[in-house]
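Structure file structure-v1.txt; described as compact mmCIF, C-alpha atoms.
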# COMPACT_ATOMS: atom_id res chain seq x y z
CA MET A 10 0.00 0.00 0.00
CA LYS A 11 2.92 2.40 0.78
CA ASN A 12 4.38 1.82 -2.69
CA ILE A 13 0.97 2.52 -4.33
CA ALA A 14 0.56 5.79 -2.37
CA PHE A 15 4.04 6.93 -3.31
CA ALA A 16 3.38 6.25 -7.01
CA VAL A 17 0.10 8.25 -6.89
CA LEU A 18 1.97 11.17 -5.25
CA LEU A 19 4.58 11.15 -8.03
CA LEU A 20 1.87 11.20 -10.70
CA LEU A 21 0.18 14.13 -8.94
CA PHE A 22 3.38 16.22 -8.86
CA SER A 23 4.06 15.35 -12.50
CA SER A 24 0.66 16.62 -13.58
CA ILE A 25 1.13 19.87 -11.65
CA ALA A 26 4.56 20.52 -13.17
CA SER A 27 3.26 20.22 -16.73
CA ALA A 28 0.19 22.46 -16.21
CA GLN A 29 -0.53 26.13 -15.41
CA LEU A 30 0.20 27.13 -11.81
CA LYS A 31 -1.49 29.70 -9.58
CA VAL A 32 -0.33 30.68 -6.11
CA GLY A 33 -2.46 32.69 -3.68
CA SER A 34 -6.18 33.52 -3.64
CA ASN A 35 -8.74 31.81 -5.90
CA PRO A 36 -6.42 29.00 -7.03
CA SER A 37 -9.11 27.56 -9.31
CA GLN A 38 -9.41 30.79 -11.36
CA ILE A 39 -6.26 31.28 -13.51
CA ASN A 40 -5.69 33.65 -16.43
CA LYS A 41 -5.60 31.82 -19.74
CA SER A 42 -2.44 33.58 -21.00
CA SER A 43 -0.31 32.94 -17.89
CA ILE A 44 1.79 29.88 -17.10
CA LEU A 45 2.33 31.17 -13.52
CA GLU A 46 -0.08 33.56 -11.73
CA LEU A 47 0.20 35.15 -8.27
CA GLU A 48 -2.87 36.65 -6.57
CA SER A 49 -3.03 38.31 -3.14
CA ASP A 50 -4.18 41.58 -1.58
CA ARG A 51 -1.63 41.40 1.30
CA GLN A 52 1.45 39.65 -0.10
CA GLY A 53 3.86 40.21 -2.94
CA LEU A 54 6.59 38.51 -4.99
CA LEU A 55 9.99 38.55 -3.21
CA LEU A 56 12.84 38.41 -5.73
CA PRO A 57 16.40 37.26 -4.92
CA ARG A 58 18.34 40.04 -3.12
CA ILE A 59 21.87 40.08 -4.55
CA PRO A 60 24.90 42.33 -3.87
CA GLY A 61 26.08 44.27 -6.92
CA ALA A 62 29.56 42.73 -6.79
CA ASN A 63 28.07 39.30 -7.60
CA LEU A 64 26.71 40.45 -10.99
CA THR A 65 30.15 40.07 -12.58
CA THR A 66 30.82 36.59 -11.18
CA SER A 67 29.57 33.16 -12.23
CA PRO A 68 26.82 32.21 -12.79
CA LEU A 69 25.12 35.63 -12.91
CA ASN A 70 27.59 37.01 -15.49
CA THR A 71 26.32 34.43 -18.02
CA ALA A 72 22.61 34.45 -17.07
CA PRO A 73 20.09 34.39 -19.97
CA ASP A 74 18.23 37.52 -21.09
CA GLY A 75 14.93 38.08 -19.28
CA MET A 76 16.07 37.31 -15.72
CA ILE A 77 15.02 39.85 -13.06
CA ILE A 78 16.73 40.34 -9.67
CA TYR A 79 16.88 42.94 -6.88
CA VAL A 80 20.36 44.48 -6.33
CA THR A 81 20.82 45.57 -2.72
CA ASP A 82 23.60 48.12 -3.36
CA SER A 83 21.45 50.12 -5.83
CA THR A 84 18.09 49.37 -4.14
CA SER A 85 16.74 48.75 -7.64
CA LEU A 86 15.45 46.03 -9.93
CA PHE A 87 17.82 44.84 -12.65
CA VAL A 88 16.88 42.93 -15.84
CA ARG A 89 19.22 40.83 -17.99
CA LYS A 90 19.15 42.32 -21.50
CA ASN A 91 21.54 41.89 -24.44
CA ASN A 92 23.83 39.82 -22.18
CA LEU A 93 24.14 42.77 -19.74
CA TRP A 94 22.52 43.62 -16.40
CA GLN A 95 20.53 46.85 -16.87
CA ARG A 96 18.82 48.85 -14.15
CA MET A 97 15.04 49.14 -14.36
CA SER A 98 14.22 52.80 -13.63
CA ALA A 99 11.62 53.41 -10.94
CA ASP A 100 10.61 56.74 -12.55
CA SER A 101 7.90 57.05 -15.17
CA VAL A 102 8.50 58.78 -18.51
CA GLY A 103 8.39 62.54 -18.10
CA ASN A 104 9.31 62.52 -14.41
CA SER A 105 11.78 65.28 -13.55
CA SER A 106 14.26 62.65 -12.28
CA ASN A 107 14.80 61.51 -15.88
CA TRP A 108 16.63 63.33 -18.67
CA ASN A 109 14.37 63.61 -21.71
CA THR A 110 15.63 63.86 -25.29
CA LYS A 111 13.10 66.67 -25.93
CA GLY A 112 14.33 68.86 -23.11
CA ASN A 113 13.74 69.18 -19.37
CA ALA A 114 11.92 71.71 -17.25
CA GLY A 115 11.93 72.61 -13.56
CA LEU A 116 15.60 71.73 -13.03
CA ASP A 117 17.54 72.81 -9.94
CA SER A 118 21.25 73.35 -10.69
CA ALA A 119 22.07 72.55 -7.06
CA ILE A 120 20.83 68.95 -7.31
CA ASN A 121 20.29 68.13 -11.01
CA PHE A 122 23.31 67.31 -13.15
CA LEU A 123 24.49 65.06 -15.98
CA GLY A 124 27.38 62.89 -14.84
CA THR A 125 28.52 60.13 -12.48
CA LEU A 126 28.36 59.69 -8.69
CA ASN A 127 31.59 57.67 -8.45
CA GLN A 128 35.10 58.02 -9.92
CA GLN A 129 34.05 56.77 -13.35
CA PRO A 130 34.51 58.73 -16.60
CA LEU A 131 31.70 60.47 -18.50
CA ILE A 132 31.92 59.42 -22.18
CA PHE A 133 30.27 61.05 -25.20
CA LYS A 134 29.81 58.98 -28.38
CA THR A 135 28.46 59.34 -31.91
CA ASN A 136 28.03 56.42 -34.32
CA ASN A 137 29.04 54.21 -31.34
CA ALA A 138 32.55 55.74 -31.32
CA GLU A 139 33.99 57.74 -28.43
CA ARG A 140 34.45 61.44 -29.24
CA LEU A 141 34.90 63.16 -25.86
CA ARG A 142 35.71 61.90 -22.34
CA VAL A 143 35.69 63.55 -18.90
CA THR A 144 37.84 61.30 -16.71
CA GLY A 145 36.98 60.35 -13.12
CA SER A 146 39.59 62.85 -11.89
CA GLY A 147 38.13 65.71 -13.97
CA SER A 148 40.51 65.78 -16.95
CA LEU A 149 39.08 66.35 -20.44
CA THR A 150 40.32 64.17 -23.32
CA VAL A 151 39.37 64.27 -27.00
CA ALA A 152 39.57 61.22 -29.25
CA PRO A 153 42.31 61.44 -31.92
CA GLY A 154 41.04 62.80 -35.22
CA THR A 155 37.86 64.25 -33.67
CA ILE A 156 38.89 67.86 -34.19
CA GLY A 157 39.91 68.51 -37.80
CA THR A 158 43.16 70.36 -38.63
CA GLY A 159 44.47 72.08 -41.76
CA THR A 160 47.87 71.69 -43.34
CA ASP A 161 49.33 74.74 -41.55
CA GLN A 162 46.81 75.24 -38.74
CA VAL A 163 46.01 73.46 -35.49
CA GLN A 164 42.86 73.29 -33.36
CA VAL A 165 43.38 74.07 -29.67
CA LEU A 166 41.07 74.08 -26.65
CA VAL A 167 41.33 77.07 -24.32
CA ILE A 168 39.52 77.96 -21.09
CA ASP A 169 38.14 81.48 -20.65
CA PRO A 170 39.66 82.54 -17.27
CA ALA A 171 36.74 84.85 -16.54
CA THR A 172 33.86 82.41 -17.14
CA GLY A 173 35.54 79.00 -17.14
CA THR A 174 34.00 78.29 -20.56
CA LEU A 175 35.80 75.75 -22.78
CA LEU A 176 36.47 77.26 -26.22
CA GLN A 177 37.89 75.82 -29.46
CA ARG A 178 40.25 78.05 -31.40
CA THR A 179 42.18 77.74 -34.69
CA MET A 180 45.73 79.07 -34.83
CA ALA A 181 48.75 78.79 -37.11
CA ALA A 182 51.13 75.95 -36.39
CA SER A 183 54.03 78.41 -36.08
CA ALA A 184 52.11 80.49 -33.54
CA PHE A 185 51.31 77.35 -31.56
CA SER A 186 55.00 76.37 -31.55
CA ASN A 187 55.99 79.87 -30.38
CA ALA A 188 53.40 79.64 -27.60
CA ILE A 189 54.81 76.31 -26.40
CA VAL A 190 58.36 77.73 -26.53
CA SER A 191 57.23 80.73 -24.49
CA LEU A 192 55.46 78.57 -21.91
CA ASN A 193 58.60 76.49 -21.44
CA GLY A 194 60.81 79.55 -21.06
CA LEU A 195 62.82 78.90 -24.25
CA ARG A 196 62.80 82.41 -25.68
CA ASP A 197 66.47 82.90 -26.66
CA SER A 198 67.10 82.60 -30.37
CA VAL A 199 70.88 82.33 -29.89
CA GLN A 200 72.16 79.16 -28.27
CA THR A 201 75.63 79.06 -26.67
CA PHE A 202 77.82 76.02 -26.06
CA ARG A 203 80.45 76.30 -23.34
CA ILE A 204 82.63 74.14 -21.10
CA ASP A 205 81.69 73.94 -17.45
CA SER A 206 84.07 75.91 -15.25
CA ALA A 207 84.87 72.76 -13.29
CA VAL A 208 86.32 71.11 -16.42
CA THR A 209 89.84 72.02 -17.56
CA THR A 210 90.96 72.54 -21.15
CA ASP A 211 91.19 68.75 -21.53
CA VAL A 212 87.78 69.17 -23.25
CA ALA A 213 87.25 71.88 -25.88
CA ILE A 214 84.42 73.11 -28.17
CA ASN A 215 85.22 74.72 -31.50
CA SER A 216 82.43 76.43 -33.45
CA ALA A 217 82.61 77.64 -37.02
CA ALA A 218 79.98 78.23 -39.69
CA GLY A 219 77.24 76.76 -37.54
CA VAL A 220 79.20 73.58 -36.82
CA HIS A 221 80.01 72.83 -33.20
CA THR A 222 82.90 70.42 -32.69
CA PHE A 223 83.38 68.79 -29.29
CA ASN A 224 87.02 67.76 -28.74
CA VAL A 225 87.48 65.07 -26.06
CA PRO A 226 91.11 63.95 -25.43
CA THR A 227 92.28 60.37 -25.32
CA GLN A 228 93.57 59.17 -21.98
CA ASN A 229 96.88 57.47 -22.73
CA GLY A 230 98.47 57.55 -19.29
CA ASN A 231 100.91 60.40 -20.07
CA GLY A 232 100.52 61.82 -16.57
CA THR A 233 99.25 65.24 -17.72
CA THR A 234 95.79 64.59 -19.22
CA SER A 235 93.29 64.55 -16.34
CA ARG A 236 90.41 62.95 -18.22
CA GLY A 237 89.48 61.47 -21.58
CA LEU A 238 88.64 58.32 -23.48
CA LEU A 239 90.77 55.16 -23.56
CA SER A 240 92.74 54.49 -26.72
CA LEU A 241 92.69 51.06 -28.33
CA SER A 242 96.31 50.43 -27.34
CA ASP A 243 95.59 51.22 -23.69
CA TRP A 244 92.49 49.01 -23.75
CA THR A 245 94.57 46.16 -25.21
CA ARG A 246 97.18 46.68 -22.50
CA PHE A 247 94.61 46.58 -19.70
CA ASP A 248 92.86 43.57 -21.23
CA SER A 249 96.13 41.66 -21.60
CA ALA A 250 97.12 42.42 -18.01
CA ALA A 251 93.79 41.10 -16.79
CA ARG A 252 94.09 37.94 -18.87
CA PHE A 253 97.55 37.13 -17.53
CA ARG A 254 96.47 37.66 -13.90
CA ILE A 255 95.78 34.08 -12.80
CA LEU A 256 94.34 33.51 -9.34
CA LYS A 257 94.21 30.22 -7.53
CA THR A 258 90.77 29.05 -6.42
CA GLY A 259 89.76 26.52 -3.84
CA PHE A 260 87.25 25.41 -1.21
CA ALA A 261 88.31 26.01 2.40
CA THR A 262 87.59 23.63 5.29
CA LEU A 263 86.82 26.33 7.88
CA THR A 264 83.93 28.79 7.94
CA ASN A 265 84.37 32.51 7.31
CA ALA A 266 82.15 35.41 8.34
CA ASN A 267 82.19 36.70 4.74
CA GLY A 268 81.78 33.27 3.12
CA ILE A 269 84.70 33.99 0.81
CA SER A 270 88.31 35.11 1.31
CA ILE A 271 90.63 36.76 -1.21
CA ALA A 272 94.42 36.73 -0.95
CA SER A 273 96.99 38.23 -3.29
CA ASP A 274 97.06 35.09 -5.42
CA SER A 275 93.97 33.10 -4.45
CA ILE A 276 90.21 33.14 -3.92
CA LYS A 277 88.71 30.65 -1.47
CA LEU A 278 85.05 29.76 -0.94
CA HIS A 279 84.27 28.75 2.66
CA PRO A 280 81.55 26.28 3.75
CA ALA A 281 78.29 27.67 5.09
CA ASP A 282 76.96 26.80 8.55
CA ALA A 283 74.13 27.91 10.84
CA THR A 284 75.63 31.40 11.37
CA ASN A 285 78.01 32.00 8.46
CA PRO A 286 77.41 32.32 4.70
CA GLY A 287 79.30 30.24 2.20
CA GLY A 288 79.06 27.34 -0.21
CA VAL A 289 77.80 23.77 0.00
CA SER A 290 80.44 21.14 0.65
CA VAL A 291 80.30 17.34 0.64
CA VAL A 292 80.61 17.11 4.44
CA THR A 293 77.74 17.35 6.95
CA GLN A 294 76.45 20.93 7.23
CA THR A 295 73.80 22.84 9.18
CA PHE A 296 72.27 25.84 7.40
CA GLY A 297 70.69 28.88 9.04
CA GLY A 298 67.86 31.08 7.77
CA ALA A 299 64.84 30.25 5.63
CA LYS A 300 65.71 28.55 2.35
CA ASN A 301 63.40 28.39 -0.68
CA PHE A 302 63.88 25.91 -3.52
CA ARG A 303 62.45 27.10 -6.84
CA ASP A 304 62.37 23.71 -8.58
CA SER A 305 61.93 20.09 -7.40
CA LEU A 306 63.74 18.72 -4.34
CA THR A 307 64.80 15.10 -3.84
CA VAL A 308 66.11 13.34 -0.75
CA GLY A 309 67.74 9.90 -0.78
CA LEU A 310 67.65 9.28 -4.55
CA ALA A 311 70.64 7.98 -6.50
CA GLN A 312 72.90 10.53 -8.16
CA GLY A 313 71.50 11.79 -11.45
CA THR A 314 67.96 10.54 -10.72
CA ALA A 315 65.35 13.26 -11.22
CA ALA A 316 62.42 13.67 -8.82
CA ASN A 317 59.01 12.53 -10.04
CA SER A 318 57.28 15.21 -7.94
CA THR A 319 57.98 18.68 -6.60
CA PHE A 320 59.23 17.01 -3.37
CA GLN A 321 60.27 13.34 -3.28
CA VAL A 322 61.73 11.38 -0.35
CA ASN A 323 63.19 7.94 -0.99
CA GLY A 324 63.16 6.53 2.53
CA SER A 325 61.75 7.27 5.96
CA MET A 326 60.68 10.75 7.01
CA ALA A 327 60.32 12.35 10.46
CA THR A 328 58.12 15.31 11.41
CA ASN A 329 57.68 17.03 14.75
CA ILE A 330 55.24 15.49 17.28
CA THR A 331 53.93 17.38 20.30
CA ASN A 332 52.25 15.85 23.38
CA THR A 333 50.00 18.06 25.54
CA ALA A 334 47.54 17.46 28.38
CA ALA A 335 46.38 21.09 28.59
CA ASN A 336 45.07 23.81 26.31
CA TYR A 337 47.59 24.41 23.53
CA THR A 338 48.13 26.79 20.59
CA ALA A 339 49.68 25.22 17.49
CA THR A 340 52.89 26.86 16.24
CA ALA A 341 54.96 26.83 13.07
CA GLY A 342 57.11 24.09 14.61
CA ASP A 343 54.23 21.64 15.10
CA ASN A 344 53.07 18.88 12.76
CA THR A 345 51.35 16.20 14.85
CA ILE A 346 49.71 17.15 18.17
CA LEU A 347 48.75 14.39 20.66
CA ALA A 348 46.03 15.82 22.95
CA ASN A 349 45.74 13.80 26.20
CA ALA A 350 42.26 14.47 27.62
CA SER A 351 42.44 11.89 30.43
CA THR A 352 42.03 14.52 33.17
CA GLY A 353 39.76 17.00 31.43
CA ALA A 354 38.60 18.64 28.22
CA ILE A 355 41.29 20.34 26.07
CA THR A 356 41.17 23.12 23.47
CA ILE A 357 43.72 23.15 20.63
CA THR A 358 43.88 26.61 19.02
CA LEU A 359 44.93 26.89 15.37
CA PRO A 360 46.91 29.99 14.28
CA SER A 361 45.45 32.61 11.97
CA PRO A 362 45.46 31.11 8.43
CA SER A 363 46.53 34.40 6.82
CA GLY A 364 49.87 33.85 5.07
CA LEU A 365 49.89 30.09 5.91
CA ASN A 366 48.45 28.79 2.64
CA GLY A 367 48.99 25.01 2.51
CA ARG A 368 49.98 24.41 6.17
CA MET A 369 48.72 21.15 7.68
CA TYR A 370 48.21 19.89 11.25
CA THR A 371 47.24 16.39 12.46
CA ILE A 372 45.54 16.37 15.88
CA LYS A 373 44.85 13.07 17.69
CA LYS A 374 42.97 12.58 20.95
CA ILE A 375 44.74 10.12 23.26
CA GLY A 376 44.28 8.94 26.85
CA THR A 377 41.21 7.69 28.71
CA GLY A 378 39.06 10.82 28.87
CA GLY A 379 36.15 9.23 26.99
CA ILE A 380 33.42 11.22 25.31
CA ASP A 381 32.96 13.42 28.41
CA ASN A 382 36.41 15.01 27.98
CA ALA A 383 36.29 16.36 24.45
CA VAL A 384 39.16 17.86 22.43
CA THR A 385 37.93 21.08 20.78
CA ILE A 386 39.89 22.44 17.80
CA SER A 387 39.27 26.19 17.47
CA PRO A 388 40.67 28.48 14.71
CA THR A 389 42.00 31.93 15.64
CA SER A 390 40.19 33.26 12.58
CA GLY A 391 38.32 31.75 9.64
CA SER A 392 36.31 28.53 9.88
CA ILE A 393 36.78 24.76 9.84
CA ASP A 394 34.72 23.26 6.99
CA GLY A 395 32.37 26.24 7.40
CA GLY A 396 31.97 25.76 11.19
CA THR A 397 33.31 27.71 14.17
CA ASN A 398 35.23 24.70 15.56
CA TYR A 399 35.79 20.94 15.29
CA ILE A 400 35.26 18.58 18.26
CA ILE A 401 36.79 15.12 18.82
CA TYR A 402 34.87 13.04 21.39
CA ASN A 403 36.22 9.50 21.04
CA ASP A 404 39.66 8.52 22.34
CA TRP A 405 42.32 7.55 19.80
CA THR A 406 40.55 9.52 17.02
CA PHE A 407 42.41 11.98 14.80
CA VAL A 408 41.80 14.66 12.15
CA THR A 409 44.16 16.25 9.59
CA LEU A 410 43.47 19.93 8.75
CA GLN A 411 44.87 22.14 5.99
CA THR A 412 44.40 25.86 5.29
CA ASP A 413 44.04 27.77 2.02
CA GLY A 414 45.18 30.99 3.72
CA THR A 415 41.63 32.00 4.70
CA ASN A 416 39.89 28.98 6.30
CA TRP A 417 40.77 25.47 7.57
CA TYR A 418 39.52 22.28 5.91
CA VAL A 419 39.30 18.65 7.03
CA ILE A 420 41.56 16.59 4.75
CA LYS A 421 41.59 13.26 6.56
CA LYS A 422 39.95 11.74 9.63
Show the structure stored in the file as structure tokens.
Amino acid sequence: MKNIAFAVLLLLFSSIASAQLKVGSNPSQINKSSILELESDRQGLLLPRIPGANLTTSPLNTAPDGMIIYVTDSTSLFVRKNNLWQRMSADSVGNSSNWNTKGNAGLDSAINFLGTLNQQPLIFKTNNAERLRVTGSGSLTVAPGTIGTGTDQVQVLVIDPATGTLLQRTMAASAFSNAIVSLNGLRDSVQTFRIDSAVTTDVAINSAAGVHTFNVPTQNGNGTTSRGLLSLSDWTRFDSAARFRILKTGFATLTNANGISIASDSIKLHPADATNPGGVSVVTQTFGGAKNFRDSLTVGLAQGTAANSTFQVNGSMATNITNTAANYTATAGDNTILANASTGAITITLPSPSGLNGRMYTIKKIGTGGIDNAVTISPTSGSIDGGTNYIIYNDWTFVTLQTDGTNWYVIKK
């Protein structure tokens, strides 16, 4: 009988889904042209209330035309049209809050304006091409080619200092050039080349018939010329001297505060340790400071064998294990935390996930506390799988958590 009743219920829902639907008063009276009708004198249709930032994210940025939503930031209805979200104006045609193409009346210059309320540009177009733009910071830009120019004239925009009116003027190209020269303070028609007083006669300038010749001496090591260029012979001499200067190189056995030492005839690289810089030797070493490896890292593989992963260990591996019987805050030095709740409940606090993207902790409840002495795992910030904390009741039960830099997630339990 239960199976028969269930089958009848399915058939009933199927028939409703394929027919017209009316919600509210007079459910038996439905308009012929509607597939869904709402009727009430005390209730209305409540649309989804969505923040404006979500309109540019999936799936709303690919919604089909015809969808209607309520955007909370704008306190307005928006309709999906031509693959864009467009605001549905609450004002009727002719209302003074709208700008009409046939003119407007009753405007108040203190509150009515054409422009934007945020730092977005105001753009003017014709034939769907930008012609004029007022940037968000107030600058005025004109699209290239918008203002026509003659062969020897230029079009310039000037501001009337008395009224602030923007005016377009035509002026000769030569006059425009002279105006720019004047604005930049370049008014002298005669240009003079001279040697700075701090430079001796090692450098000279000779001018004749409009040709200015700069004479720079060649430094040949004669002991009298204070400056100049190197000659080819001097360059060859210096290069040869450098080539025939052979220094011995080697790897020292003792550390050095500089990591490298230079003698008159040798350069030695010293091994690095926990406090001194240097190179990597074949003996056992302890390194200090954080080290980052850009590519893959292998441990225990035969020489010349490449890693099959970013990090590969061929052999056993040890990580830090911490045992606590009291409340404890996990640190960067922890990996596995054994929480002994034999004598009472314990709280394990996770650090803030910010900047710890990828960090993992394994927390295991040990002892004989039973389900009455729980181990509560609490994040400093963020959540654990969407919750405010994670509780372990049973003894000898564990959980492995990992963070994405914002929240913590259960990876294994």
- Task: Provide the CA of Asp169 in chain A to CA of Gly112 in chain A distance in Å, to one decimal place.
- Result: 27.1 Å
Quick one: axis-aligned box around all listed atoms of range 32-40 of chain A, 3 Å on every side, centre and edge lengths in Å to one decimal, written as JSON.
{"center_x": -4.9, "center_y": 30.6, "center_z": -10.0, "size_x": 15.1, "size_y": 12.1, "size_z": 18.8}
- Task: Tell me which protein, DNA and RNA residues are within 8 Å of range 49-58 of chain A, counting only C-alpha atoms, leaving out same-chain ones fewer than 2 positions away, and put them as a count of residues only.
- Result: 9
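CA of Lys111 in chain A is found 15.2 Å from CA of Leu123 in chain A.
One finds CA of Gly367 in chain A at 15.1 Å from CA of Asn301 in chain A.
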- Do you know which residues are at most 10 Å from range 303-314 of chain A counting all atoms listed in the file, after dropping those on the same chain fewer than 4 positions away, and could you put them as an NGL selection string? :A and (318-326)
Keeping only C-alpha atoms, write the selected residues to a file as a compact mmCIF listing (two decimals), in the coordinates of the input.
# COMPACT_ATOMS: atom_id res chain seq x y z
CA SER A 318 57.28 15.21 -7.94
CA THR A 319 57.98 18.68 -6.60
CA PHE A 320 59.23 17.01 -3.37
CA GLN A 321 60.27 13.34 -3.28
CA VAL A 322 61.73 11.38 -0.35
CA ASN A 323 63.19 7.94 -0.99
CA GLY A 324 63.16 6.53 2.53
CA SER A 325 61.75 7.27 5.96
CA MET A 326 60.68 10.75 7.01
- Which residues, written as a PyMOL selection string, have at least one atom at most 6 Å from range 335-350 of chain A, with only C-alpha atoms counted and residues fewer than 5 positions away on the same chain left out? chain A and resi 329-330+355-359+370-376+378+382
Quick one: residues within 10 Å of Ile380 in chain A, all atoms listed in the file counted, chain neighbours fewer than 6 positions away excluded, as a tab-separated table (two decimals) with C-alpha atoms, in the frame of the given file?
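The result, stored in out_15.tsv:
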chain	number	residue	atom	x	y	z
A	350	ALA	CA	42.26	14.47	27.62
A	354	ALA	CA	38.60	18.64	28.22
A	401	ILE	CA	36.79	15.12	18.82
A	402	TYR	CA	34.87	13.04	21.39
A	403	ASN	CA	36.22	9.50	21.04
A	404	ASP	CA	39.66	8.52	22.34
- Task: Identify, on the basis of only C-alpha atoms, every residue whose closest approach to Ala283 in chain A does not exceed 9 Å; exclude the query and any residue fewer than 6 positions from it along the same chain; express the result as a ChimeraX atom specification.
- Result: /A:294-298
- Could you give me, as a PyMOL selection string, the residues that sit within 9 Å of (93.9, 62.8, -23.9) in the file's coordinates, counting only C-alpha atoms? chain A and resi 211-212+225-231+233-240
Same residues, C-alpha atoms, output as a compact mmCIF listing (two decimals), keeping the file's coordinate frame:
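Output saved as part-v9.txt:
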# COMPACT_ATOMS: atom_id res chain seq x y z
CA ASP A 211 91.19 68.75 -21.53
CA VAL A 212 87.78 69.17 -23.25
CA VAL A 225 87.48 65.07 -26.06
CA PRO A 226 91.11 63.95 -25.43
CA THR A 227 92.28 60.37 -25.32
CA GLN A 228 93.57 59.17 -21.98
CA ASN A 229 96.88 57.47 -22.73
CA GLY A 230 98.47 57.55 -19.29
CA ASN A 231 100.91 60.40 -20.07
CA THR A 233 99.25 65.24 -17.72
CA THR A 234 95.79 64.59 -19.22
CA SER A 235 93.29 64.55 -16.34
CA ARG A 236 90.41 62.95 -18.22
CA GLY A 237 89.48 61.47 -21.58
CA LEU A 238 88.64 58.32 -23.48
CA LEU A 239 90.77 55.16 -23.56
CA SER A 240 92.74 54.49 -26.72
- Go through A:Asp82, A:Glu139, A:Asp248, A:Asp394 one by one, measure the shortest atom-to-atom distance of each to Leu64 in chain A using all atoms listed in the file, and give the residue with the smallest value.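 Counting all atoms listed in the file, the residue closest to Leu64 in chain A is A:Asp82.
Nearest residue to Asn92 in chain A among A:Ser363, A:Asn109, A:Asn70, A:Ser242 is A:Asn70, counting all atoms listed in the file.
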For the point (23.9, 39.5, -25.7) in the file's frame, write as a CSV table (one decimal) with C-alpha atoms, keeping the file's coordinate frame all residues with an atom no more than 12 Å away, counting all atoms listed in the file.
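The file below, point_35.csv, is the result:
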chain,number,residue,atom,x,y,z
A,70,ASN,CA,27.6,37.0,-15.5
A,71,THR,CA,26.3,34.4,-18.0
A,72,ALA,CA,22.6,34.4,-17.1
A,73,PRO,CA,20.1,34.4,-20.0
A,74,ASP,CA,18.2,37.5,-21.1
A,75,GLY,CA,14.9,38.1,-19.3
A,89,ARG,CA,19.2,40.8,-18.0
A,90,LYS,CA,19.2,42.3,-21.5
A,91,ASN,CA,21.5,41.9,-24.4
A,92,ASN,CA,23.8,39.8,-22.2
A,93,LEU,CA,24.1,42.8,-19.7
A,94,TRP,CA,22.5,43.6,-16.4
A,95,GLN,CA,20.5,46.8,-16.9
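Among the candidates A:Val167, A:Ala315, A:Ile271, A:Ile276, the residue lying nearest to Lys257 in chain A is A:Ile276 (atoms considered: only C-alpha atoms).
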